[in-house]
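Visitor: This is query-v2.txt (compact mmCIF, C-alpha atoms and all ligand atoms).
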```txt
# COMPACT_ATOMS: atom_id res chain seq x y z
CA MET Q 1 29.51 0.17 19.45
CA GLU Q 2 30.07 3.90 18.91
CA GLN Q 3 26.70 4.48 17.39
CA SER Q 4 24.31 6.76 19.23
CA ASN Q 5 20.83 5.31 19.35
CA GLY Q 6 18.91 8.32 20.56
CA HIS Q 7 18.20 6.78 23.96
CA ASP Q 8 20.00 8.07 27.03
CA ASP Q 9 19.57 4.89 28.99
CA GLN Q 10 22.40 2.63 27.82
CA SER Q 11 20.77 -0.50 29.17
CA TYR Q 12 17.59 0.00 27.13
CA ILE Q 13 17.44 -2.39 24.20
CA PRO Q 14 14.32 -1.99 22.07
CA GLU Q 15 12.69 -5.25 21.13
CA ILE Q 16 11.60 -6.16 17.62
CA SER Q 17 9.52 -9.23 17.03
CA PHE Q 18 9.72 -10.72 13.61
CA GLY Q 19 7.68 -13.60 12.27
CA ILE Q 20 8.35 -15.99 9.41
CA VAL Q 21 5.30 -17.95 8.32
CA VAL Q 22 6.10 -21.00 6.22
CA ASP Q 23 3.64 -22.67 3.88
CA ALA Q 24 3.74 -26.26 5.12
CA SER Q 25 1.94 -27.86 2.17
CA GLU Q 26 5.12 -28.23 0.11
CA GLN Q 27 7.40 -29.02 2.97
CA GLN Q 28 9.35 -31.66 1.07
CA ILE Q 29 10.34 -29.06 -1.55
CA LEU Q 30 10.70 -26.20 0.87
CA GLY Q 31 12.46 -28.39 3.44
CA ALA Q 32 16.11 -27.78 4.18
CA GLN Q 33 16.45 -24.77 1.92
CA CYS Q 34 13.83 -22.82 3.82
CA GLY Q 35 15.28 -23.78 7.20
CA LEU Q 36 18.66 -22.54 6.03
CA LEU Q 37 17.14 -19.32 4.74
CA CYS Q 38 15.39 -18.55 8.04
CA GLN Q 39 18.53 -19.34 10.01
CA SER Q 40 20.74 -17.13 7.80
CA LEU Q 41 18.21 -14.33 7.98
CA GLU Q 42 18.07 -14.49 11.76
CA GLU Q 43 21.87 -14.46 12.11
CA GLU Q 44 22.12 -11.59 9.69
CA LEU Q 45 19.54 -9.40 11.43
CA LYS Q 46 21.10 -10.04 14.81
CA SER Q 47 24.62 -9.14 13.65
CA ARG Q 48 23.58 -6.24 11.42
CA PHE Q 49 21.30 -4.56 13.91
CA PRO Q 50 22.71 -5.54 17.32
CA MET Q 51 21.11 -2.48 18.93
CA PHE Q 52 17.77 -4.32 18.89
CA ALA Q 53 16.70 -7.41 20.75
CA TRP Q 54 15.40 -9.58 17.90
CA GLN Q 55 12.64 -12.04 18.71
CA LEU Q 56 12.21 -14.40 15.79
CA LYS Q 57 9.19 -16.61 15.59
CA LEU Q 58 8.93 -19.37 13.00
CA LEU Q 59 5.37 -20.45 12.25
CA VAL Q 60 4.89 -23.50 10.01
CA ARG Q 61 1.26 -23.41 8.93
CA HIS Q 62 -0.87 -26.03 7.25
CA ASP Q 63 -3.73 -23.56 6.79
CA PHE Q 64 -1.94 -21.33 4.27
CA PRO Q 65 -4.36 -20.06 1.59
CA GLN Q 66 -4.56 -23.05 -0.74
CA CYS Q 67 -5.21 -21.71 -4.27
CA ARG Q 68 -2.65 -22.55 -6.97
CA PRO Q 69 -0.74 -20.52 -7.94
CA ARG Q 70 -0.84 -18.74 -4.60
CA ASP Q 71 -2.57 -15.37 -4.43
CA PRO Q 72 -0.22 -12.88 -2.71
CA LEU Q 73 -3.16 -10.78 -1.58
CA GLU Q 74 -4.74 -13.69 0.33
CA ILE Q 75 -1.38 -14.59 1.84
CA LEU Q 76 -0.72 -10.99 2.89
CA GLU Q 77 -4.09 -10.85 4.65
CA PHE Q 78 -3.51 -14.25 6.23
CA ILE Q 79 -0.06 -13.44 7.58
CA SER Q 80 -1.00 -9.95 8.71
CA ASP Q 81 -3.77 -11.52 10.81
CA LEU Q 82 -1.13 -13.80 12.32
CA LYS Q 83 1.09 -10.80 12.84
CA ILE Q 84 -1.60 -9.16 14.95
CA GLU Q 85 -2.48 -12.40 16.75
CA TYR Q 86 1.14 -13.04 17.77
CA ALA Q 87 1.89 -9.33 18.40
CA LEU Q 88 4.69 -9.30 15.82
CA ASP Q 89 6.17 -6.12 14.38
CA PHE Q 90 6.83 -7.58 10.94
CA VAL Q 91 6.03 -10.77 9.17
CA LEU Q 92 7.27 -12.61 6.07
CA GLY Q 93 5.29 -15.40 4.43
CA ILE Q 94 7.34 -17.97 2.50
CA THR Q 95 5.94 -20.47 0.03
CA ALA Q 96 7.44 -22.85 -2.55
CA ILE Q 97 4.48 -22.39 -4.91
CA ARG Q 98 4.40 -19.76 -7.63
CA LEU Q 99 2.56 -16.48 -6.99
CA VAL Q 100 -0.23 -14.98 -9.11
CA SER Q 101 1.05 -11.78 -10.68
CA ARG Q 102 -1.43 -9.00 -11.31
CA PHE Q 103 0.53 -6.13 -12.77
CA GLU Q 104 3.88 -7.56 -13.83
CA GLN Q 105 4.95 -10.46 -16.06
CA ALA Q 106 5.86 -12.68 -13.14
CA THR Q 107 6.43 -12.12 -9.49
CA ASP Q 108 8.63 -13.70 -6.83
CA ALA Q 109 7.60 -11.48 -3.97
CA VAL Q 110 5.10 -8.85 -2.88
CA PRO Q 111 5.93 -6.52 0.01
CA SER Q 112 3.21 -4.46 1.67
CA ASN Q 113 4.51 -1.50 3.56
CA MET Q 114 0.95 -0.78 4.71
CA LEU Q 115 0.45 -4.18 6.36
CA GLU Q 116 4.10 -4.47 7.49
CA ALA Q 117 4.10 -7.85 5.79
CA GLY Q 118 5.70 -9.43 2.75
CA VAL Q 119 5.15 -12.64 0.82
CA ILE Q 120 7.98 -14.48 -0.93
CA SER Q 121 7.81 -17.43 -3.29
CA ILE Q 122 11.06 -19.34 -3.69
CA SER Q 123 9.59 -21.48 -6.48
CA ARG Q 124 11.58 -19.92 -9.34
CA LEU Q 125 14.72 -19.68 -7.24
CA LEU Q 126 14.58 -23.38 -6.38
CA GLU Q 127 15.07 -24.11 -10.09
CA MET Q 128 18.64 -22.84 -9.82
CA GLU Q 129 21.25 -25.63 -10.07
CA ASP Q 130 23.65 -24.36 -7.44
CA ARG Q 131 22.11 -24.58 -3.96
CA GLN Q 132 24.53 -22.03 -2.52
CA GLN Q 133 23.68 -19.54 -5.28
CA ALA Q 134 19.97 -20.17 -4.76
CA LEU Q 135 20.34 -19.38 -1.06
CA GLN Q 136 22.19 -16.15 -1.87
CA ALA Q 137 19.46 -15.16 -4.32
CA MET Q 138 16.77 -15.87 -1.70
CA LEU Q 139 18.59 -13.80 0.90
CA GLY Q 140 18.90 -10.95 -1.60
CA LEU Q 141 15.19 -11.16 -2.33
CA CYS Q 142 14.41 -11.16 1.41
CA ARG Q 143 16.57 -8.06 1.91
CA HIS Q 144 14.78 -6.31 -0.94
CA VAL Q 145 11.36 -7.12 0.52
CA LEU Q 146 12.41 -6.18 4.07
CA GLY Q 147 13.92 -2.95 2.69
CA HIS Q 148 10.48 -2.05 1.36
CA LEU Q 149 8.80 -2.89 4.67
CA TRP Q 150 11.35 -0.70 6.41
CA GLY Q 151 10.75 2.31 4.24
CA LEU Q 152 13.55 2.11 1.66
CA GLU Q 153 13.09 3.33 -1.90
CA HIS Q 154 14.59 1.68 -4.98
CA SER Q 155 18.25 2.37 -5.65
CA ASP Q 156 20.53 1.09 -8.41
CA ASP Q 157 23.57 0.66 -6.17
CA SER Q 158 22.19 -1.80 -3.67
CA VAL Q 159 19.92 -4.79 -3.26
CA MET Q 160 17.07 -2.27 -3.64
CA ARG Q 161 17.62 -2.37 -7.40
CA PRO Q 162 14.41 -3.66 -9.04
CA ARG Q 163 14.89 -6.91 -10.98
CA GLU Q 164 12.94 -9.07 -13.38
CA PHE Q 165 14.38 -12.24 -12.00
CA TRP Q 166 16.24 -12.82 -8.75
CA THR Q 167 19.65 -14.43 -9.10
CA ALA Q 168 22.79 -14.40 -7.00
CA ASP Q 169 24.06 -11.38 -9.01
CA LEU Q 170 25.46 -8.40 -7.13
CA PRO Q 171 24.53 -6.09 -5.50
CA ARG Q 172 22.90 -8.35 -2.95
CA ASP Q 173 23.22 -6.11 0.05
CA TRP Q 174 21.96 -2.84 1.51
CA SER Q 175 24.25 0.17 1.27
CA GLN Q 176 25.71 1.71 4.42
CA ASP Q 177 23.26 4.61 4.11
CA GLU Q 178 20.36 2.23 3.83
CA ILE Q 179 21.44 0.30 6.90
CA GLU Q 180 21.40 3.54 8.89
CA GLN Q 181 18.04 4.46 7.44
CA ILE Q 182 16.68 1.05 8.48
CA SER Q 183 18.02 1.42 12.06
CA HIS Q 184 16.32 4.78 12.27
CA TYR Q 185 13.05 3.33 11.03
CA LEU Q 186 13.24 0.37 13.41
CA TYR Q 187 13.71 2.68 16.41
CA SER Q 188 10.51 4.45 15.49
CA ILE Q 189 8.47 1.23 15.52
CA ALA Q 190 10.14 -0.53 18.45
CA ASP Q 191 8.12 1.45 21.02
CA PRO Q 192 5.42 -0.46 22.88
CA ARG Q 193 2.08 -0.70 21.07
CA LEU Q 194 -0.65 1.60 22.29
CA GLU Q 195 -2.85 -1.23 23.63
CA GLU Q 196 0.09 -2.39 25.78
CA THR Q 197 0.29 0.96 27.57
CA GLN Q 198 -1.71 2.11 30.59
CA GLY Q 199 -3.30 5.09 28.88
CA ALA Q 200 -5.00 3.20 26.02
CA ALA Q 201 -8.56 4.42 25.44
CA LYS Q 202 -11.51 2.08 25.92
CA THR Q 203 -13.74 3.42 23.13
CA PRO Q 204 -12.93 3.02 19.42
CA LEU Q 205 -13.21 6.73 18.58
CA LYS Q 206 -10.83 7.80 21.35
CA PHE Q 207 -8.51 4.95 20.43
CA TYR Q 208 -8.40 6.12 16.79
CA LEU Q 209 -7.62 9.66 17.92
CA GLN Q 210 -4.86 8.39 20.20
CA VAL Q 211 -3.31 6.43 17.32
CA LEU Q 212 -3.50 9.56 15.15
CA ALA Q 213 -1.83 11.66 17.84
CA ARG Q 214 0.97 9.12 18.33
CA GLU Q 215 1.49 8.08 14.74
CA GLY Q 216 0.03 10.92 12.68
CA TRP Q 217 3.28 11.87 10.96
CA ASN Q 218 4.25 8.30 10.19
CA ILE Q 219 0.79 7.56 8.87
CA GLY Q 220 1.03 10.64 6.63
CA ALA Q 221 4.43 9.49 5.36
CA ASP Q 222 3.04 6.02 4.66
CA ILE Q 223 0.14 7.49 2.70
CA LEU Q 224 2.59 9.44 0.55
CA PHE Q 225 4.73 6.34 0.23
CA SER Q 226 1.77 4.26 -0.95
CA ARG Q 227 1.39 6.68 -3.85
CA GLY Q 228 -2.39 6.65 -3.98
CA TRP Q 229 -2.25 8.96 -6.95
CA LEU Q 230 -0.82 6.19 -9.12
CA MET Q 231 -3.61 3.80 -8.26
CA MET Q 232 -5.97 4.98 -10.98
CA LEU Q 233 -3.45 4.13 -13.69
CA ARG Q 234 -3.65 0.50 -12.69
CA LEU Q 235 -7.42 0.28 -12.55
CA GLY Q 236 -8.59 -0.12 -16.14
CA ARG Q 237 -12.34 -0.31 -15.62
CA PHE Q 238 -12.27 2.50 -13.14
CA THR Q 239 -10.52 4.85 -15.54
CA ALA Q 240 -12.60 3.74 -18.52
CA ALA Q 241 -15.89 4.37 -16.70
CA THR Q 242 -14.70 7.86 -15.82
CA ALA Q 243 -13.45 8.71 -19.29
CA VAL Q 244 -16.68 7.58 -20.96
CA SER Q 245 -18.88 9.48 -18.55
CA ILE Q 246 -16.81 12.66 -18.88
CA ILE Q 247 -17.10 12.54 -22.68
CA PHE Q 248 -20.88 12.13 -22.46
CA LEU Q 249 -21.08 14.96 -19.95
CA PHE Q 250 -19.18 17.29 -22.22
CA LEU Q 251 -21.58 16.57 -25.03
CA SER Q 252 -24.76 17.06 -23.07
CA ALA Q 253 -26.24 20.52 -22.79
CA GLU Q 254 -27.91 19.59 -19.47
CA ALA Q 255 -24.58 19.35 -17.71
CA TRP Q 256 -23.69 22.82 -18.92
CA GLU Q 257 -27.07 24.25 -17.90
CA MET Q 258 -26.67 22.73 -14.49
CA GLY Q 259 -23.18 24.19 -14.23
CA ALA Q 260 -24.52 27.64 -15.01
CA ALA Q 261 -27.25 27.27 -12.37
CA ILE Q 262 -25.05 26.10 -9.50
CA GLN Q 263 -23.21 28.68 -7.44
CA SER Q 264 -19.48 28.41 -6.94
CA LYS Q 265 -19.62 28.10 -3.15
CA TRP Q 266 -22.20 25.32 -3.36
CA LEU Q 267 -20.09 23.56 -5.92
CA ASN Q 268 -17.18 23.53 -3.42
CA ILE Q 269 -19.38 21.93 -0.80
CA VAL Q 270 -20.70 19.40 -3.33
CA LEU Q 271 -17.12 18.65 -4.36
CA ALA Q 272 -15.97 17.94 -0.79
CA ALA Q 273 -19.04 15.77 -0.17
CA VAL Q 274 -18.53 13.84 -3.42
CA ILE Q 275 -14.86 13.10 -2.71
CA LEU Q 276 -15.70 11.91 0.79
CA ALA Q 277 -18.64 9.83 -0.41
CA ALA Q 278 -16.58 8.28 -3.21
CA THR Q 279 -13.84 7.34 -0.72
CA LEU Q 280 -16.33 5.77 1.69
CA SER Q 281 -18.24 3.98 -1.05
CA LEU Q 282 -15.05 2.37 -2.36
CA TYR Q 283 -13.79 1.65 1.16
CA PHE Q 284 -16.91 -0.21 2.22
CA GLY Q 285 -18.00 -1.36 -1.26
CA GLN Q 286 -14.68 -3.15 -1.69
CA ASN Q 287 -14.66 -4.58 1.86
CA LEU Q 288 -11.48 -2.71 2.70
CA HIS Q 289 -12.72 -2.26 6.27
CA THR Q 290 -12.10 -5.97 6.85
CA VAL Q 291 -8.37 -5.53 6.28
CA GLY Q 292 -6.43 -5.88 9.54
CA ARG Q 293 -9.37 -7.20 11.57
CA ALA Q 294 -12.07 -4.66 12.11
CA ASP Q 295 -13.24 -6.09 15.42
CA ARG Q 296 -10.14 -5.41 17.49
CA MET Q 297 -8.77 -2.23 18.97
CA MET Q 298 -5.11 -2.68 18.27
CA GLU Q 299 -2.69 -0.01 17.22
CA GLN Q 300 -1.37 -1.91 14.21
CA SER Q 301 -4.73 -2.72 12.70
CA VAL Q 302 -6.09 0.77 13.34
CA ARG Q 303 -2.96 2.15 11.74
CA SER Q 304 -3.36 -0.05 8.64
CA ARG Q 305 -6.96 1.05 8.25
CA LEU Q 306 -6.07 4.73 8.61
CA VAL Q 307 -3.32 4.37 6.00
CA LEU Q 308 -5.69 2.49 3.70
CA MET Q 309 -8.43 5.08 3.92
CA GLY Q 310 -5.95 7.97 3.67
CA THR Q 311 -4.39 6.42 0.57
CA LEU Q 312 -7.80 6.01 -1.01
CA LEU Q 313 -8.68 9.61 -0.18
CA ALA Q 314 -5.35 10.84 -1.58
CA GLY Q 315 -5.90 8.73 -4.69
CA ILE Q 316 -9.37 10.11 -5.33
CA THR Q 317 -8.30 13.69 -4.64
CA SER Q 318 -5.40 13.46 -7.04
CA PHE Q 319 -7.68 11.78 -9.56
CA TRP Q 320 -10.01 14.77 -9.26
CA ILE Q 321 -7.08 17.13 -9.90
CA ASN Q 322 -6.20 15.17 -13.05
CA LEU Q 323 -9.80 15.29 -14.25
CA PHE Q 324 -9.90 19.01 -13.52
CA ILE Q 325 -6.83 19.62 -15.68
CA ILE Q 326 -8.19 17.42 -18.49
CA SER Q 327 -11.54 19.26 -18.34
CA LEU Q 328 -9.77 22.61 -18.50
CA VAL Q 329 -7.93 21.53 -21.62
CA ILE Q 330 -11.11 20.24 -23.30
CA ILE Q 331 -13.01 23.44 -22.48
CA PHE Q 332 -10.11 25.43 -23.86
CA VAL Q 333 -10.18 23.49 -27.11
CA LEU Q 334 -13.97 23.59 -27.68
CA PRO Q 335 -15.35 26.83 -29.18
CA ASP Q 336 -16.57 29.23 -26.47
CA THR Q 337 -19.68 30.25 -28.39
CA VAL Q 338 -21.02 26.69 -28.51
CA LEU Q 339 -20.35 26.09 -24.82
CA MET Q 340 -21.94 29.40 -23.86
CA GLY Q 341 -24.96 28.42 -25.92
CA TRP Q 342 -25.20 25.08 -24.04
CA ALA Q 343 -24.75 26.77 -20.71
CA GLY Q 344 -27.34 29.41 -21.64
CA ILE Q 345 -24.92 32.25 -20.93
CA LYS Q 346 -25.92 35.22 -23.09
CA ASP Q 347 -22.97 37.54 -22.61
CA GLY Q 348 -19.80 37.89 -20.54
CA VAL Q 349 -17.03 35.32 -20.33
CA LEU Q 350 -17.35 31.60 -19.84
CA PRO Q 351 -16.32 30.70 -16.25
CA ILE Q 352 -13.99 27.92 -17.34
CA PHE Q 353 -12.65 27.02 -13.88
CA HIS Q 354 -16.17 26.65 -12.57
CA PHE Q 355 -17.14 24.30 -15.40
CA ALA Q 356 -13.92 22.30 -15.21
CA LYS Q 357 -14.55 21.83 -11.49
CA LEU Q 358 -18.09 20.65 -12.18
CA MET Q 359 -17.05 18.17 -14.88
CA ALA Q 360 -14.25 16.75 -12.71
CA THR Q 361 -16.72 16.32 -9.83
CA PHE Q 362 -19.17 14.46 -12.09
CA GLY Q 363 -16.22 12.34 -13.18
CA ILE Q 364 -15.54 11.31 -9.58
CA VAL Q 365 -19.17 10.24 -9.13
CA ALA Q 366 -18.82 8.06 -12.23
CA SER Q 367 -15.48 6.72 -11.08
CA ALA Q 368 -16.86 5.69 -7.70
CA LEU Q 369 -19.52 3.67 -9.50
CA GLY Q 370 -16.90 2.31 -11.91
CA GLY Q 371 -14.54 1.53 -9.05
CA ASN Q 372 -17.10 -0.72 -7.50
CA LEU Q 373 -17.30 -2.60 -10.80
CA GLU Q 374 -13.60 -3.32 -10.52
CA GLU Q 375 -12.73 -6.76 -9.19
CA GLU Q 376 -12.59 -6.43 -5.44
CA HIS Q 377 -9.19 -8.03 -5.35
CA ASP Q 378 -7.59 -5.72 -7.88
CA LEU Q 379 -8.48 -2.53 -6.05
CA LYS Q 380 -7.34 -4.04 -2.78
CA ALA Q 381 -4.10 -5.19 -4.39
CA VAL Q 382 -3.41 -1.76 -5.84
CA LEU Q 383 -3.82 -0.24 -2.40
CA ILE Q 384 -2.04 -2.87 -0.35
CA TYR Q 385 0.87 -3.96 -2.57
CA THR Q 386 3.98 -1.85 -2.40
CA GLU Q 387 5.09 -3.59 -5.61
CA GLU Q 388 5.46 -6.92 -7.32
CA THR Q 389 9.05 -7.98 -7.72
ZN ZN Q 401 11.31 -3.19 -5.06
```
Write out the structure in this file as structure tokens.
Guide:
Amino acid sequence: MEQSNGHDDQSYIPEISFGIVVDASEQQILGAQCGLLCQSLEEELKSRFPMFAWQLKLLVRHDFPQCRPRDPLEILEFISDLKIEYALDFVLGITAIRLVSRFEQATDAVPSNMLEAGVISISRLLEMEDRQQALQAMLGLCRHVLGHLWGLEHSDDSVMRPREFWTADLPRDWSQDEIEQISHYLYSIADPRLEETQGAAKTPLKFYLQVLAREGWNIGADILFSRGWLMMLRLGRFTAATAVSIIFLFLSAEAWEMGAAIQSKWLNIVLAAVILAATLSLYFGQNLHTVGRADRMMEQSVRSRLVLMGTLLAGITSFWINLFIISLVIIFVLPDTVLMGWAGIKDGVLPIFHFAKLMATFGIVASALGGNLEEEHDLKAVLIYTEET
């Protein structure tokens, strides 16, 4: 192997532990096909990425979340708990029962980059006549999901091409570039976990800071990758509550009077406090702190929670920016004289940035209330799912 792996010590082989959790309740359907899939996947990973020592663990579980069709969110939480319990780096959950789809027409799989876990349903693929073709389609789907867990973006020239329905059609494989990208990513996560090292802190606060120091950049990249700013588009009630409240605010003279009374520097402090409070209220209001086991000091679960909260914060901040722009436009369109009358400003110019900031901040207060009206599962799903495919 000519490839340089970034480690000077030639004998050092980083270890990656990989879990496949199989839904045992439909074993007769899942049976041979699933065994074949796991075996092919294992052989493939070992030959593709020989620079890592792959530890594959197959877990056949009878306590898979039982609802029909299966809820990917419940499965993701279930397998990511197992991932932490068995100290795995990645985990795939495989079921033969259809998955509930939240945002798309139908879904065969849901990867979660945040939880380093993915759930795959082979139900639709099992309907294919040709067993060999079905296996190829399943392997393609697995590669697509793993690609997401390992930081790949969509691409039309490889298996990372998004599809409505998974068949054995080409391309079924990663591109050469993507394989290199994956190796690079795997090196970054193959290091020992913080709790396995001597220097791990004993108190939660110190432990969190240590995780931030070690993983800060990666956590930041994950937050960007999770695209928190798109989350509002998927949350109907959340957005509706905000829109309605903003319209009422614009039409009430009190809001304008208040805007005139509040000083700009205080407004900045209020704004920061509101964004923080909105993030915390959604985080705890939606039970997001229970994701990745709150009671344990483990690098992976701390990391998931930091990414989750960061994504929420990024989402709310970008939502505020959107509201600010919308408010600016509305203020621009409404006649100045009327607004100045409402605000009680006798002469001079209307401080439009100040008012737009105020309206956007009110909007965030409303959205935090509206967000807690949203089904708990939907908000969680928006944050945790990388996609539905
Ligand atoms: Zn995808």
Visitor: All residues within 8 Å of ligand ZN 401 (chain Q) are required, counting all atoms listed in the file; please report them as an MDAnalysis selection string.
Guide: chainID Q and resid 144:145 148 153:154 160:163 386:389
Visitor: With C-alpha atoms retained, could you export that selection as a PDB file, in the frame of the given file?
Guide:
```
ATOM      1  CA  HIS Q 144      14.780  -6.310  -0.940  1.00  0.00           C
ATOM      2  CA  VAL Q 145      11.360  -7.120   0.520  1.00  0.00           C
ATOM      3  CA  HIS Q 148      10.480  -2.050   1.360  1.00  0.00           C
ATOM      4  CA  GLU Q 153      13.090   3.330  -1.900  1.00  0.00           C
ATOM      5  CA  HIS Q 154      14.590   1.680  -4.980  1.00  0.00           C
ATOM      6  CA  MET Q 160      17.070  -2.270  -3.640  1.00  0.00           C
ATOM      7  CA  ARG Q 161      17.620  -2.370  -7.400  1.00  0.00           C
ATOM      8  CA  PRO Q 162      14.410  -3.660  -9.040  1.00  0.00           C
ATOM      9  CA  ARG Q 163      14.890  -6.910 -10.980  1.00  0.00           C
ATOM     10  CA  THR Q 386       3.980  -1.850  -2.400  1.00  0.00           C
ATOM     11  CA  GLU Q 387       5.090  -3.590  -5.610  1.00  0.00           C
ATOM     12  CA  GLU Q 388       5.460  -6.920  -7.320  1.00  0.00           C
ATOM     13  CA  THR Q 389       9.050  -7.980  -7.720  1.00  0.00           C
TER      14      THR Q 389
END
```
Visitor: Counting all atoms listed in the file, which of Q:Asn113, Q:Ser252, Q:Ser281, Q:Gln263 gets nearest to Leu224 of chain Q?
Guide: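 Checking each of Q:Asn113, Q:Ser252, Q:Ser281, Q:Gln263 against Leu224 of chain Q, counting all atoms listed in the file, the winner is Q:Asn113.
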Visitor: By how many Å are atom CA of Ile75 of chain Q and atom CA of Phe238 of chain Q apart?
Guide: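 These atoms are spaced 25.2 Å apart.
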Visitor: If we count only C-alpha atoms, what is near Thr107 of chain Q at a cut-off of 12 Å, once residues fewer than 3 positions away on the same chain are taken out, given as an NGL selection string?
Guide: :Q and (69-72 or 97-104 or 110-111 or 119-125 or 141 or 162-166 or 387-389)
Visitor: Residues within 12 Å of segment 298-302 of chain Q, please, as a PDB file with C-alpha atoms, keeping the file's coordinate frame. Count only C-alpha atoms; anything in the same chain fewer than 4 positions from it doesn't count.
Guide:
```pdb
ATOM      1  CA  GLU Q  77      -4.090 -10.850   4.650  1.00  0.00           C
ATOM      2  CA  SER Q  80      -1.000  -9.950   8.710  1.00  0.00           C
ATOM      3  CA  ASP Q  81      -3.770 -11.520  10.810  1.00  0.00           C
ATOM      4  CA  LEU Q  82      -1.130 -13.800  12.320  1.00  0.00           C
ATOM      5  CA  LYS Q  83       1.090 -10.800  12.840  1.00  0.00           C
ATOM      6  CA  ILE Q  84      -1.600  -9.160  14.950  1.00  0.00           C
ATOM      7  CA  GLU Q  85      -2.480 -12.400  16.750  1.00  0.00           C
ATOM      8  CA  TYR Q  86       1.140 -13.040  17.770  1.00  0.00           C
ATOM      9  CA  ALA Q  87       1.890  -9.330  18.400  1.00  0.00           C
ATOM     10  CA  LEU Q  88       4.690  -9.300  15.820  1.00  0.00           C
ATOM     11  CA  ASP Q  89       6.170  -6.120  14.380  1.00  0.00           C
ATOM     12  CA  PHE Q  90       6.830  -7.580  10.940  1.00  0.00           C
ATOM     13  CA  MET Q 114       0.950  -0.780   4.710  1.00  0.00           C
ATOM     14  CA  LEU Q 115       0.450  -4.180   6.360  1.00  0.00           C
ATOM     15  CA  GLU Q 116       4.100  -4.470   7.490  1.00  0.00           C
ATOM     16  CA  ALA Q 117       4.100  -7.850   5.790  1.00  0.00           C
ATOM     17  CA  ILE Q 189       8.470   1.230  15.520  1.00  0.00           C
ATOM     18  CA  ASP Q 191       8.120   1.450  21.020  1.00  0.00           C
ATOM     19  CA  PRO Q 192       5.420  -0.460  22.880  1.00  0.00           C
ATOM     20  CA  ARG Q 193       2.080  -0.700  21.070  1.00  0.00           C
ATOM     21  CA  LEU Q 194      -0.650   1.600  22.290  1.00  0.00           C
ATOM     22  CA  GLU Q 195      -2.850  -1.230  23.630  1.00  0.00           C
ATOM     23  CA  GLU Q 196       0.090  -2.390  25.780  1.00  0.00           C
ATOM     24  CA  THR Q 197       0.290   0.960  27.570  1.00  0.00           C
ATOM     25  CA  ALA Q 200      -5.000   3.200  26.020  1.00  0.00           C
ATOM     26  CA  ALA Q 201      -8.560   4.420  25.440  1.00  0.00           C
ATOM     27  CA  LYS Q 202     -11.510   2.080  25.920  1.00  0.00           C
ATOM     28  CA  THR Q 203     -13.740   3.420  23.130  1.00  0.00           C
ATOM     29  CA  PRO Q 204     -12.930   3.020  19.420  1.00  0.00           C
ATOM     30  CA  LEU Q 205     -13.210   6.730  18.580  1.00  0.00           C
ATOM     31  CA  LYS Q 206     -10.830   7.800  21.350  1.00  0.00           C
ATOM     32  CA  PHE Q 207      -8.510   4.950  20.430  1.00  0.00           C
ATOM     33  CA  TYR Q 208      -8.400   6.120  16.790  1.00  0.00           C
ATOM     34  CA  LEU Q 209      -7.620   9.660  17.920  1.00  0.00           C
ATOM     35  CA  GLN Q 210      -4.860   8.390  20.200  1.00  0.00           C
ATOM     36  CA  VAL Q 211      -3.310   6.430  17.320  1.00  0.00           C
ATOM     37  CA  LEU Q 212      -3.500   9.560  15.150  1.00  0.00           C
ATOM     38  CA  ALA Q 213      -1.830  11.660  17.840  1.00  0.00           C
ATOM     39  CA  ARG Q 214       0.970   9.120  18.330  1.00  0.00           C
ATOM     40  CA  GLU Q 215       1.490   8.080  14.740  1.00  0.00           C
ATOM     41  CA  GLY Q 216       0.030  10.920  12.680  1.00  0.00           C
ATOM     42  CA  ILE Q 219       0.790   7.560   8.870  1.00  0.00           C
ATOM     43  CA  HIS Q 289     -12.720  -2.260   6.270  1.00  0.00           C
ATOM     44  CA  THR Q 290     -12.100  -5.970   6.850  1.00  0.00           C
ATOM     45  CA  VAL Q 291      -8.370  -5.530   6.280  1.00  0.00           C
ATOM     46  CA  GLY Q 292      -6.430  -5.880   9.540  1.00  0.00           C
ATOM     47  CA  ARG Q 293      -9.370  -7.200  11.570  1.00  0.00           C
ATOM     48  CA  ALA Q 294     -12.070  -4.660  12.110  1.00  0.00           C
ATOM     49  CA  LEU Q 306      -6.070   4.730   8.610  1.00  0.00           C
ATOM     50  CA  VAL Q 307      -3.320   4.370   6.000  1.00  0.00           C
ATOM     51  CA  LEU Q 308      -5.690   2.490   3.700  1.00  0.00           C
ATOM     52  CA  MET Q 309      -8.430   5.080   3.920  1.00  0.00           C
TER      53      MET Q 309
END
```
Visitor: Using only C-alpha atoms, can you tell me which of Q:Leu139, Q:Leu358, Q:Ala241, Q:Leu328 comes closest to Leu45 of chain Q?
Guide: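 Smallest distance to Leu45 of chain Q is found for Q:Leu139.
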